[in-house]
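Next up, final_24.txt (compact mmCIF, C-alpha atoms):
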```
# COMPACT_ATOMS: atom_id res chain seq x y z
CA MET A 1 0.24 17.45 -18.12
CA SER A 2 0.89 14.22 -16.21
CA ALA A 3 2.64 14.10 -12.90
CA ALA A 4 3.85 11.27 -10.69
CA GLU A 5 5.48 10.81 -7.32
CA PHE A 6 6.97 7.92 -5.38
CA GLU A 7 8.94 7.46 -2.17
CA VAL A 8 12.09 5.47 -1.58
CA ASP A 9 13.86 4.44 1.63
CA LEU A 10 17.60 4.90 1.19
CA ASP A 11 19.37 2.57 3.63
CA VAL A 12 22.98 2.77 4.78
CA ASP A 13 23.96 -0.22 2.64
CA LEU A 14 22.74 1.37 -0.58
CA ALA A 15 26.03 3.14 -1.37
CA ARG A 16 27.92 -0.17 -1.07
CA ARG A 17 25.46 -1.87 -3.45
CA PHE A 18 25.71 1.02 -5.89
CA ALA A 19 29.51 0.87 -5.68
CA ASP A 20 29.37 -2.86 -6.36
CA MET A 21 27.30 -2.19 -9.48
CA SER A 22 29.13 0.87 -10.78
CA GLY A 23 32.69 0.16 -9.62
CA ASP A 24 32.86 3.58 -7.93
CA TRP A 25 34.31 2.65 -4.52
CA ASN A 26 35.40 6.19 -3.65
CA PRO A 27 35.72 6.15 0.18
CA LEU A 28 33.51 9.23 0.52
CA HIS A 29 30.63 6.89 -0.39
CA THR A 30 31.70 3.61 1.16
CA ASP A 31 34.06 4.19 4.10
CA ALA A 32 32.37 5.60 7.23
CA ASP A 33 35.70 6.32 8.99
CA TYR A 34 36.98 8.21 5.98
CA ALA A 35 33.72 10.12 5.50
CA ALA A 36 33.68 11.07 9.19
CA LYS A 37 36.85 13.11 8.63
CA THR A 38 35.28 15.08 5.77
CA GLU A 39 32.92 18.06 5.99
CA PHE A 40 30.00 15.66 5.39
CA GLY A 41 30.51 13.69 8.62
CA ARG A 42 29.19 10.43 7.22
CA PRO A 43 29.08 8.62 3.84
CA VAL A 44 27.43 10.48 1.00
CA LEU A 45 25.38 8.51 -1.51
CA HIS A 46 26.69 8.59 -5.09
CA GLY A 47 25.10 11.49 -6.96
CA ALA A 48 24.66 9.17 -9.92
CA TYR A 49 22.11 7.24 -7.88
CA VAL A 50 19.77 10.16 -8.57
CA ALA A 51 20.03 9.19 -12.24
CA ALA A 52 18.71 5.76 -11.26
CA LEU A 53 15.75 7.40 -9.52
CA ALA A 54 15.09 9.46 -12.65
CA SER A 55 15.30 6.27 -14.70
CA ARG A 56 12.64 4.70 -12.48
CA LEU A 57 10.48 7.80 -12.87
CA ALA A 58 10.79 7.56 -16.65
CA GLY A 59 10.50 3.82 -17.07
CA MET A 60 7.71 3.24 -14.58
CA HIS A 61 5.70 6.46 -14.54
CA LEU A 62 6.51 9.33 -16.92
CA PRO A 63 5.91 8.14 -19.58
CA GLY A 64 6.14 4.55 -18.17
CA ARG A 65 6.07 1.44 -20.32
CA GLY A 66 7.44 2.20 -23.76
CA ALA A 67 9.79 4.88 -22.43
CA LEU A 68 13.04 5.59 -24.22
CA LEU A 69 15.31 8.09 -22.46
CA HIS A 70 17.06 10.49 -24.83
CA GLY A 71 19.03 12.56 -22.34
CA MET A 72 19.17 13.76 -18.76
CA ARG A 73 20.48 16.74 -16.78
CA LEU A 74 21.07 16.62 -13.02
CA ARG A 75 21.92 19.16 -10.34
CA PHE A 76 22.95 18.01 -6.88
CA VAL A 77 21.56 20.54 -4.43
CA ALA A 78 22.57 18.91 -1.13
CA PRO A 79 24.44 15.74 -0.12
CA ILE A 80 22.28 12.65 0.30
CA ARG A 81 23.35 10.87 3.46
CA PRO A 82 21.39 7.66 4.19
CA PRO A 83 19.46 6.51 6.04
CA LEU A 84 16.58 8.70 4.97
CA ARG A 85 13.36 8.55 2.99
CA VAL A 86 13.13 10.59 -0.17
CA VAL A 87 10.27 11.70 -2.35
CA VAL A 88 10.80 11.70 -6.10
CA GLY A 89 8.27 13.88 -7.89
CA GLY A 90 8.09 14.80 -11.54
CA ARG A 91 5.82 16.29 -14.14
CA VAL A 92 5.70 16.31 -17.90
CA VAL A 93 6.49 19.87 -18.99
CA SER A 94 6.16 19.28 -22.71
CA ALA A 95 4.89 16.49 -24.90
CA SER A 96 4.15 16.09 -28.56
CA ARG A 97 4.19 13.29 -31.11
CA GLY A 98 5.28 10.63 -28.65
CA ALA A 99 8.20 12.61 -27.20
CA GLY A 100 8.40 14.91 -24.24
CA ALA A 101 10.33 16.37 -21.34
CA VAL A 102 10.00 15.85 -17.60
CA GLU A 103 11.23 18.00 -14.75
CA PHE A 104 11.79 16.26 -11.44
CA VAL A 105 12.84 16.95 -7.86
CA VAL A 106 14.25 14.62 -5.20
CA SER A 107 13.54 15.85 -1.70
CA GLU A 108 13.82 14.53 1.83
CA LYS A 109 10.47 13.18 3.02
CA HIS A 110 10.77 14.37 6.60
CA SER A 111 12.00 17.94 6.12
CA GLY A 112 10.97 18.55 2.54
CA ALA A 113 14.53 19.75 1.83
CA ARG A 114 15.46 19.64 -1.84
CA LEU A 115 18.38 17.25 -2.46
CA ALA A 116 18.58 17.09 -6.24
CA GLU A 117 16.71 18.25 -9.30
CA GLY A 118 16.87 17.67 -12.98
CA CYS A 119 15.10 17.05 -16.23
CA TYR A 120 15.08 14.45 -18.96
CA ASP A 121 13.87 14.09 -22.52
CA PHE A 122 12.03 10.97 -23.54
CA GLY A 123 10.60 9.27 -26.58
CA HIS A 124 9.14 5.79 -27.03
CA HIS A 125 10.71 2.57 -28.15
CA ARG A 126 9.05 0.52 -30.86
CA MET A 127 7.74 -2.99 -30.48
CA SER A 128 6.96 -5.46 -33.21
CA THR A 129 3.24 -6.21 -33.26
CA THR A 130 3.49 -9.34 -35.43
CA GLU A 131 3.43 -12.69 -33.68
CA GLY A 132 5.94 -15.19 -35.07
CA SER A 133 7.63 -14.97 -38.45
CA ALA A 134 8.42 -17.18 -41.39
CA GLY A 135 10.10 -20.39 -40.28
CA GLN A 136 9.22 -19.86 -36.60
CA PRO A 137 6.20 -21.26 -34.79
CA SER A 138 3.84 -18.51 -33.65
CA ARG A 139 3.42 -18.24 -29.88
CA SER A 140 0.07 -18.47 -28.20
CA ILE A 141 -1.17 -15.06 -27.11
CA ASP A 142 -1.38 -16.07 -23.43
CA ALA A 143 2.25 -17.13 -23.32
CA ALA A 144 3.47 -14.09 -25.18
CA ILE A 145 1.58 -11.46 -23.25
CA LYS A 146 2.80 -11.07 -19.70
CA THR A 147 2.32 -7.40 -18.86
CA ILE A 148 0.15 -6.73 -15.82
CA LEU A 149 -0.53 -3.10 -14.97
CA VAL A 150 -0.54 -2.22 -11.28
CA THR A 151 -2.06 1.00 -10.04
CA GLY A 152 -0.94 2.39 -6.69
CA ALA A 153 2.37 0.62 -7.21
CA THR A 154 4.18 2.90 -4.76
CA GLY A 155 1.75 2.09 -1.95
CA GLY A 156 1.97 -0.81 0.46
CA LEU A 157 -0.22 -3.35 -1.36
CA GLY A 158 0.70 -2.10 -4.84
CA SER A 159 4.43 -2.42 -4.24
CA ALA A 160 3.91 -5.90 -2.78
CA VAL A 161 1.94 -6.87 -5.91
CA MET A 162 4.73 -5.47 -8.08
CA ALA A 163 7.26 -7.56 -6.14
CA ALA A 164 5.11 -10.68 -6.48
CA LEU A 165 4.68 -10.16 -10.23
CA GLY A 166 8.38 -9.57 -10.82
CA PRO A 167 9.32 -8.28 -14.26
CA ASN A 168 5.75 -8.72 -15.53
CA GLY A 169 4.43 -5.90 -13.32
CA CYS A 170 4.14 -2.43 -14.80
CA ALA A 171 3.42 0.51 -12.49
CA VAL A 172 0.71 3.01 -13.35
CA ALA A 173 0.53 6.42 -11.66
CA ARG A 174 -2.77 7.83 -10.43
CA GLY A 175 -2.04 10.94 -12.48
CA GLU A 176 -2.25 8.82 -15.61
CA LEU A 177 -5.64 7.50 -14.52
CA ALA A 178 -6.98 10.92 -13.66
CA SER A 179 -5.88 12.43 -16.94
CA ARG A 180 -7.17 9.37 -18.83
CA CYS A 181 -3.90 9.39 -20.76
CA LEU A 182 -3.69 5.64 -20.11
CA LEU A 183 -6.29 5.24 -22.84
CA ASP A 184 -3.41 6.03 -25.22
CA TRP A 185 -1.73 2.82 -24.06
CA ASP A 186 -0.29 0.87 -26.95
CA GLY A 187 0.16 -2.86 -26.45
CA PRO A 188 -1.60 -6.01 -25.24
CA ILE A 189 -1.89 -6.67 -21.52
CA ARG A 190 -2.62 -9.75 -19.46
CA GLY A 191 -4.23 -8.01 -16.55
CA ILE A 192 -4.69 -4.98 -14.34
CA VAL A 193 -4.51 -4.90 -10.56
CA HIS A 194 -6.14 -1.77 -9.20
CA CYS A 195 -4.67 -0.92 -5.80
CA ALA A 196 -4.65 2.90 -6.01
CA TRP A 197 -7.24 4.59 -3.84
CA PRO A 198 -7.48 7.86 -1.90
CA ALA A 199 -6.62 7.55 1.80
CA PRO A 200 -9.66 7.19 4.09
CA ASP A 201 -11.52 10.39 5.01
CA ASP A 202 -12.20 11.37 8.61
CA GLU A 203 -15.15 13.77 8.56
CA LYS A 204 -18.72 13.07 9.57
CA PHE A 205 -20.88 12.63 6.48
CA SER A 206 -23.49 15.05 7.84
CA ALA A 207 -20.96 17.74 8.74
CA MET A 208 -18.54 18.03 5.83
CA ARG A 209 -16.93 21.41 5.32
CA ASP A 210 -16.66 21.06 1.53
CA ALA A 211 -18.87 18.12 0.66
CA LYS A 212 -18.67 18.52 -3.12
CA SER A 213 -14.87 18.48 -3.21
CA ALA A 214 -14.71 15.63 -0.75
CA ILE A 215 -17.18 13.53 -2.73
CA ASP A 216 -15.38 14.32 -5.99
CA PHE A 217 -12.07 13.26 -4.45
CA HIS A 218 -13.15 10.18 -2.51
CA VAL A 219 -16.01 8.80 -4.61
CA ALA A 220 -16.23 10.28 -8.12
CA ALA A 221 -12.50 10.13 -8.87
CA PRO A 222 -12.06 6.45 -7.90
CA LEU A 223 -15.18 5.61 -9.92
CA GLY A 224 -13.74 7.43 -12.93
CA GLU A 225 -10.44 5.61 -12.53
CA ILE A 226 -12.14 2.21 -12.58
CA GLN A 227 -14.00 3.30 -15.73
CA VAL A 228 -10.63 4.10 -17.37
CA LEU A 229 -9.26 0.70 -16.38
CA GLY A 230 -12.35 -1.08 -17.67
CA ALA A 231 -11.98 0.73 -21.00
CA LEU A 232 -8.27 -0.08 -21.07
CA LEU A 233 -8.84 -3.79 -20.52
CA ALA A 234 -11.63 -3.80 -23.09
CA LYS A 235 -9.27 -2.24 -25.64
CA TRP A 236 -5.93 -3.90 -24.87
CA GLY A 237 -6.66 -6.95 -22.73
CA ALA A 238 -5.69 -10.26 -24.29
CA PRO A 239 -8.31 -13.04 -24.24
CA GLY A 240 -8.49 -14.24 -20.64
CA ALA A 241 -7.12 -10.94 -19.30
CA SER A 242 -8.39 -9.86 -15.89
CA LEU A 243 -9.11 -6.66 -14.04
CA VAL A 244 -8.76 -7.13 -10.28
CA LEU A 245 -10.34 -4.45 -8.11
CA VAL A 246 -9.26 -4.19 -4.49
CA GLY A 247 -12.13 -3.71 -2.07
CA SER A 248 -12.17 -3.29 1.67
CA SER A 249 -14.01 -4.58 4.71
CA ALA A 250 -14.65 -0.89 5.46
CA ALA A 251 -17.54 -1.22 3.01
CA LEU A 252 -19.26 -3.71 5.32
CA PRO A 253 -20.71 -3.09 8.78
CA GLY A 254 -18.01 -3.65 11.34
CA ARG A 255 -15.94 -2.31 14.18
CA HIS A 256 -14.77 0.61 12.01
CA ALA A 257 -18.20 2.10 12.85
CA TRP A 258 -18.24 4.09 9.59
CA ARG A 259 -15.50 6.45 10.76
CA SER A 260 -14.51 7.04 7.11
CA PRO A 261 -17.90 7.36 5.44
CA LEU A 262 -16.77 8.33 1.94
CA TYR A 263 -14.10 5.63 1.90
CA SER A 264 -16.74 3.08 2.90
CA VAL A 265 -19.17 4.34 0.26
CA ALA A 266 -16.54 4.32 -2.48
CA LYS A 267 -15.22 0.85 -1.58
CA GLY A 268 -18.85 -0.25 -1.46
CA MET A 269 -19.05 0.37 -5.22
CA VAL A 270 -16.41 -2.26 -5.92
CA PRO A 271 -18.57 -5.45 -5.87
CA ALA A 272 -21.18 -3.91 -8.19
CA LEU A 273 -18.48 -2.62 -10.55
CA ALA A 274 -16.92 -6.08 -10.66
CA GLN A 275 -20.28 -7.48 -11.78
CA ILE A 276 -20.90 -4.70 -14.30
CA LEU A 277 -17.46 -5.00 -15.88
CA ALA A 278 -17.56 -8.81 -15.78
CA LYS A 279 -20.74 -8.69 -17.86
CA GLU A 280 -19.36 -6.14 -20.32
CA LEU A 281 -15.96 -7.83 -20.73
CA ALA A 282 -17.25 -11.41 -20.97
CA PRO A 283 -18.07 -11.45 -24.71
CA ALA A 284 -14.36 -10.87 -25.42
CA GLY A 285 -13.32 -13.58 -22.96
CA LYS A 286 -12.05 -11.09 -20.38
CA ARG A 287 -12.79 -11.02 -16.68
CA CYS A 288 -13.23 -8.70 -13.74
CA MET A 289 -13.02 -9.75 -10.10
CA ALA A 290 -12.96 -7.98 -6.76
CA VAL A 291 -10.95 -8.99 -3.73
CA LEU A 292 -11.86 -7.70 -0.31
CA PHE A 293 -9.22 -7.50 2.39
CA ASP A 294 -9.43 -6.56 6.04
CA VAL A 295 -6.75 -4.77 8.07
CA MET A 296 -3.24 -5.75 7.07
CA ASP A 297 0.18 -4.80 8.31
CA GLY A 298 1.85 -2.15 6.16
CA GLY A 299 0.57 0.15 3.47
CA MET A 300 -1.98 2.68 4.69
CA ASN A 301 -1.93 0.99 8.13
CA ARG A 302 1.77 1.70 8.58
CA GLY A 303 1.05 4.29 11.27
CA MET A 304 -1.33 2.06 13.23
CA SER A 305 -0.82 2.10 17.01
CA ASP A 306 0.47 -0.99 18.80
CA VAL A 307 -2.85 -1.58 20.51
CA SER A 308 -4.79 -1.32 17.24
CA ARG A 309 -2.37 -3.74 15.57
CA VAL A 310 -2.75 -6.29 18.36
CA ALA A 311 -6.53 -5.80 18.49
CA ALA A 312 -6.77 -6.36 14.72
CA ALA A 313 -4.67 -9.54 14.96
CA ASP A 314 -6.83 -10.75 17.87
CA ARG A 315 -9.86 -10.74 15.56
CA LEU A 316 -8.20 -13.36 13.35
CA PRO A 317 -8.33 -17.04 14.27
CA SER A 318 -4.69 -17.29 13.20
CA GLY A 319 -3.79 -14.48 15.61
CA ARG A 320 -1.46 -13.08 12.95
CA LEU A 321 -2.08 -9.87 11.07
CA PRO A 322 -1.65 -10.51 7.34
CA THR A 323 0.97 -8.50 5.50
CA THR A 324 0.67 -6.76 2.17
CA SER A 325 2.83 -9.58 0.76
CA ASP A 326 0.25 -12.14 1.93
CA ALA A 327 -2.46 -10.16 0.13
CA ALA A 328 -0.31 -9.79 -3.00
CA ARG A 329 0.14 -13.57 -3.18
CA GLU A 330 -3.66 -14.00 -3.12
CA ILE A 331 -4.00 -11.55 -6.00
CA VAL A 332 -1.38 -13.38 -8.06
CA TRP A 333 -3.18 -16.66 -7.30
CA LEU A 334 -6.38 -15.11 -8.60
CA LEU A 335 -4.68 -13.86 -11.76
CA ASP A 336 -3.23 -17.32 -12.38
CA ASN A 337 -6.68 -18.92 -12.17
CA SER A 338 -7.89 -18.95 -15.76
CA GLY A 339 -11.48 -20.00 -14.99
CA LEU A 340 -14.37 -17.89 -16.23
CA LEU A 341 -16.76 -18.68 -13.40
CA VAL A 342 -14.83 -16.45 -11.03
CA SER A 343 -15.54 -13.38 -13.17
CA GLY A 344 -17.85 -10.96 -11.40
CA ALA A 345 -17.10 -12.48 -8.00
CA THR A 346 -16.09 -10.56 -4.91
CA LEU A 347 -13.76 -12.75 -2.88
CA THR A 348 -13.67 -11.93 0.80
CA LEU A 349 -10.10 -12.75 1.77
CA THR A 350 -10.05 -11.83 5.43
CA GLY A 351 -8.80 -15.07 6.96
CA ALA A 352 -12.14 -15.41 8.78
CA ALA A 353 -11.50 -12.22 10.75
CA LEU A 354 -14.41 -11.21 12.96
CA PRO A 355 -16.15 -8.03 11.74
CA MET B 1 4.16 -1.32 32.54
CA GLU B 2 5.33 -2.15 36.06
CA GLN B 3 5.00 -5.68 37.42
CA ARG B 4 2.43 -4.53 40.00
CA ASP B 5 0.18 -3.19 37.24
CA LEU B 6 0.68 -6.30 35.13
CA ASP B 7 -0.38 -8.45 38.10
CA CYS B 8 -3.42 -6.23 38.63
CA LEU B 9 -4.43 -6.49 34.97
CA LEU B 10 -3.93 -10.24 34.99
CA ALA B 11 -6.10 -10.50 38.10
CA ILE B 12 -8.89 -8.62 36.34
CA PHE B 13 -8.85 -11.09 33.44
CA ALA B 14 -8.49 -14.09 35.74
CA SER B 15 -11.51 -12.99 37.75
CA ALA B 16 -13.75 -12.01 34.83
CA LEU B 17 -12.92 -15.09 32.76
CA GLU B 18 -12.43 -17.56 35.63
CA LEU B 19 -9.01 -18.47 34.32
CA SER B 20 -7.05 -21.29 35.89
CA SER B 21 -3.81 -20.16 37.47
CA GLY B 22 -0.87 -20.38 35.15
CA THR B 23 -2.83 -19.55 31.99
CA PRO B 24 -0.19 -18.03 29.67
CA ASP B 25 -0.79 -14.36 28.89
CA VAL B 26 -0.64 -15.01 25.13
CA GLU B 27 -3.59 -17.41 25.39
CA ILE B 28 -5.88 -14.80 26.90
CA ARG B 29 -7.62 -13.82 23.64
CA ARG B 30 -11.29 -13.24 23.09
CA LEU B 31 -11.38 -15.73 20.23
CA ALA B 32 -9.75 -18.44 22.32
CA ILE B 33 -11.81 -18.23 25.53
CA GLU B 34 -15.44 -19.31 25.39
CA ARG B 35 -16.25 -17.69 28.70
CA TRP B 36 -15.33 -14.28 27.27
CA ASP B 37 -18.89 -13.20 26.42
CA SER B 38 -20.41 -9.71 26.47
CA PHE B 39 -21.00 -9.87 30.24
CA ALA B 40 -17.37 -10.80 30.90
CA HIS B 41 -16.26 -8.07 28.54
CA VAL B 42 -18.22 -5.44 30.45
CA ASN B 43 -16.69 -6.69 33.70
CA ILE B 44 -13.19 -6.43 32.26
CA VAL B 45 -13.83 -2.89 30.95
CA THR B 46 -15.29 -1.58 34.20
CA ALA B 47 -12.53 -3.18 36.26
CA ILE B 48 -9.80 -1.65 34.07
CA GLU B 49 -11.47 1.77 34.32
CA SER B 50 -11.70 1.45 38.07
CA GLU B 51 -8.29 -0.05 38.86
CA PHE B 52 -6.32 2.18 36.48
CA ASP B 53 -8.49 5.28 36.87
CA LEU B 54 -9.18 5.49 33.14
CA SER B 55 -12.15 6.45 31.02
CA LEU B 56 -12.56 4.19 27.99
CA ASP B 57 -14.59 5.19 24.94
CA ALA B 58 -16.40 2.87 22.52
CA ARG B 59 -13.32 2.41 20.33
CA ASP B 60 -11.13 1.58 23.30
CA ILE B 61 -13.66 -0.96 24.53
CA GLU B 62 -13.77 -2.74 21.20
CA ARG B 63 -9.96 -2.89 21.08
CA ILE B 64 -9.78 -4.92 24.29
CA SER B 65 -9.52 -8.19 22.43
CA SER B 66 -6.79 -9.87 24.45
CA PHE B 67 -4.65 -9.42 27.54
CA GLU B 68 -1.87 -7.99 25.37
CA ALA B 69 -4.23 -5.51 23.68
CA ALA B 70 -5.48 -4.40 27.11
CA ARG B 71 -1.91 -3.95 28.38
CA LEU B 72 -1.02 -1.78 25.37
CA LEU B 73 -4.27 0.16 25.71
CA VAL B 74 -3.62 1.00 29.35
CA GLU B 75 -0.10 2.15 28.45
CA GLU B 76 -1.45 4.26 25.57
CA LYS B 77 -4.14 5.87 27.73
CA ARG B 78 -1.62 6.76 30.42
CA GLN B 79 0.65 8.67 28.02
```
Spit out the file's structure as structure tokens when you get a sec.
Amino acid sequence: MSAAEFEVDLDVDLARRFADMSGDWNPLHTDADYAAKTEFGRPVLHGAYVAALASRLAGMHLPGRGALLHGMRLRFVAPIRPPLRVVVGGRVVSASRGAGAVEFVVSEKHSGARLAEGCYDFGHHRMSTTEGSAGQPSRSIDAAIKTILVTGATGGLGSAVMAALGPNGCAVARGELASRCLLDWDGPIRGIVHCAWPAPDDEKFSAMRDAKSAIDFHVAAPLGEIQVLGALLAKWGAPGASLVLVGSSAALPGRHAWRSPLYSVAKGMVPALAQILAKELAPAGKRCMAVLFDVMDGGMNRGMSDVSRVAAADRLPSGRLPTTSDAAREIVWLLDNSGLLVSGATLTLTGAALP
Amino acid sequence: MEQRDLDCLLAIFASALELSSGTPDVEIRRLAIERWDSFAHVNIVTAIESEFDLSLDARDIERISSFEAARLLVEEKRQ
């Protein structure tokens, strides 16, 4: 069964925005002075916001694109009082003939405390597969097909890519890749941006405690995921569709001094895979490219120390550490380039950073 | 970092890189100063270790890429 998880920062202004949208201006949610006199001490987020989180889980992950919610049940376990970061995790507990049920939990990131739980039933909406109709000009396939799948869409780079793509982005959970259920995808796509990747390892290659598991997790699994995405683009990619693989400067010799050997090895596969897939996809007019970034602010570097952040920026002639949004813009630029010569290329987009 | 330590750190860079007085701190970056070669880098590292009574490992040494990075490194090592 598939599972998915994402994290959300709930800021203090969220209740006001939700009230603006829903019309529920109850002072328990929106008036700090009022809430301070209640047993909660400060404003409590609308419980119905949890329904919005469940909607995101359904529409973006379980089952994702094509989702049609049939019903939902919620239980509010504890008051949600922003600011805080929550984890929304769910799993498919039953599925057959295009319908299914998902159980989910919303918990506080820091303490792990359960805040809400629930379940929903889903089916799939139908989409016409015919282009144009009598009396109407048929659209060109490139103009009609806008969907771009983004893996790792809850991570730093993935979420920035989703933001840059706007409504055309469609999040894909790693669970869907691992289970290969994405191969059941049903509909044309314009591209795939593969950002999902296991976090870097930190063991010496020659002294791993459980080498087989570590290699499966850090090397074999990412390789298998790229195979799924290649198959997906081969099956559902429109002519001109692209698969963009995200590489890393950790695959090249540099100041990282191979501190994450399996991460470096796995990212080192990316340029060869871009060439392999470019060759296999070319007869159908589809492309595969790799982009290689260096250290950027945000994402998996969120916990970087001040000195490491400054030292990384010092290696750039611009003196400014790129953000995940900067990198996302480069990926969108690459997707918008319709040339075929770029297929198979690995673009090193490091801003001339020193190794 | 106290002003006395900042002055000491600045003096280390000024001496190793032969900086003219009044060079802004933000301009003291390895990429911006031609005189900052491997010999100068070693001088900076040994002076920081000596003046601030610190032991720097290979990763620390590679992170000294500017005056600001060195300031933050000294603060981090003292914690």
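With CA of Glu49 (chain B) on one side and CA of Arg78 (chain B) on the other, the separation reads 11.7 Å.
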(message) So that I can check the surroundings of region 171-188 of chain A, please list as number ranges by chain every protein, DNA and RNA residue that reaches within 7 Å of it, counting all atoms listed in the file and ignoring chain neighbours fewer than 3 positions away.
(response) A: 2-4, 60-61, 145, 149-153, 196, 225, 228, 232, 236-238
(request) Considering all atoms listed in the file, state which residue in the set B:Leu54, B:Leu31, B:Asp37, B:Ile44 is at the smallest distance from chain A. (result) B:Leu31
(request) Can you work out the spacing between CA of Arg287 (chain A) and CA of Leu354 (chain A) in Å, to one decimal? (result) 29.7 Å
(message) Set the cut-off to 8 Å and count all atoms listed in the file: what are the residues of chain B that reach chain A? Output as a VMD selection string.
(response) chain B and resid 29 to 31 62 to 66 68 to 70 72 to 73 76
Residue selection dump (C-alpha atoms) as a PDB file, in the coordinates of the input:
```
ATOM      1  CA  ARG B  29      -7.620 -13.820  23.640  1.00  0.00           C
ATOM      2  CA  ARG B  30     -11.290 -13.240  23.090  1.00  0.00           C
ATOM      3  CA  LEU B  31     -11.380 -15.730  20.230  1.00  0.00           C
ATOM      4  CA  GLU B  62     -13.770  -2.740  21.200  1.00  0.00           C
ATOM      5  CA  ARG B  63      -9.960  -2.890  21.080  1.00  0.00           C
ATOM      6  CA  ILE B  64      -9.780  -4.920  24.290  1.00  0.00           C
ATOM      7  CA  SER B  65      -9.520  -8.190  22.430  1.00  0.00           C
ATOM      8  CA  SER B  66      -6.790  -9.870  24.450  1.00  0.00           C
ATOM      9  CA  GLU B  68      -1.870  -7.990  25.370  1.00  0.00           C
ATOM     10  CA  ALA B  69      -4.230  -5.510  23.680  1.00  0.00           C
ATOM     11  CA  ALA B  70      -5.480  -4.400  27.110  1.00  0.00           C
ATOM     12  CA  LEU B  72      -1.020  -1.780  25.370  1.00  0.00           C
ATOM     13  CA  LEU B  73      -4.270   0.160  25.710  1.00  0.00           C
ATOM     14  CA  GLU B  76      -1.450   4.260  25.570  1.00  0.00           C
TER      15      GLU B  76
END
```
(request) Please provide as a list in words all residues within 6 Å of region 11-28 of chain B, with the sequence filter that same-chain residues fewer than 5 positions apart are discarded (counting only C-alpha atoms). (result) Arg35, Ala40, Ser66 and Phe67 of chain B
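Atom pair CA of Val12 (chain A) / CA of Leu53 (chain A): separated by 16.7 Å.
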(message) Applying 6 Å and only C-alpha atoms, which residues near region 35-51 of chain A remain after dropping the ones on its own chain fewer than 3 positions away? List them as a VMD selection string.
(response) chain A and resid 15 28 to 29 32 54 80 to 81
Residues at most 12 Å from region 109-112 of chain A, counting all atoms listed in the file, excluding those fewer than 6 positions away in the same chain, as an mmCIF file with C-alpha atoms, in the coordinates of the input?
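Output saved as result_7.cif:
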```cif
data_model
loop_
_atom_site.group_PDB
_atom_site.id
_atom_site.type_symbol
_atom_site.label_atom_id
_atom_site.label_comp_id
_atom_site.auth_asym_id
_atom_site.auth_seq_id
_atom_site.Cartn_x
_atom_site.Cartn_y
_atom_site.Cartn_z
ATOM 1 C CA GLU A 5 5.480 10.810 -7.320
ATOM 2 C CA PHE A 6 6.970 7.920 -5.380
ATOM 3 C CA GLU A 7 8.940 7.460 -2.170
ATOM 4 C CA VAL A 8 12.090 5.470 -1.580
ATOM 5 C CA ASP A 9 13.860 4.440 1.630
ATOM 6 C CA LEU A 10 17.600 4.900 1.190
ATOM 7 C CA PRO A 83 19.460 6.510 6.040
ATOM 8 C CA LEU A 84 16.580 8.700 4.970
ATOM 9 C CA ARG A 85 13.360 8.550 2.990
ATOM 10 C CA VAL A 86 13.130 10.590 -0.170
ATOM 11 C CA VAL A 87 10.270 11.700 -2.350
ATOM 12 C CA VAL A 88 10.800 11.700 -6.100
ATOM 13 C CA GLY A 89 8.270 13.880 -7.890
#
```
(message) Using only C-alpha atoms for the distances, tell me which of A:Leu245, A:Pro322, A:Val106, A:Asp210 is nearest to His194 (chain A).
(response) A:Leu245
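Distances here use all atoms listed in the file; by that measure, the residue among B:Leu9, B:Ile61, B:Leu56, B:Met1 closest to Lys77 (chain B) is B:Leu56.
Each of A:Gly303, A:Pro167, A:Gly224, A:Pro355 was compared to Ser248 (chain A) using only C-alpha atoms, and A:Pro355 turns out to be the nearest.
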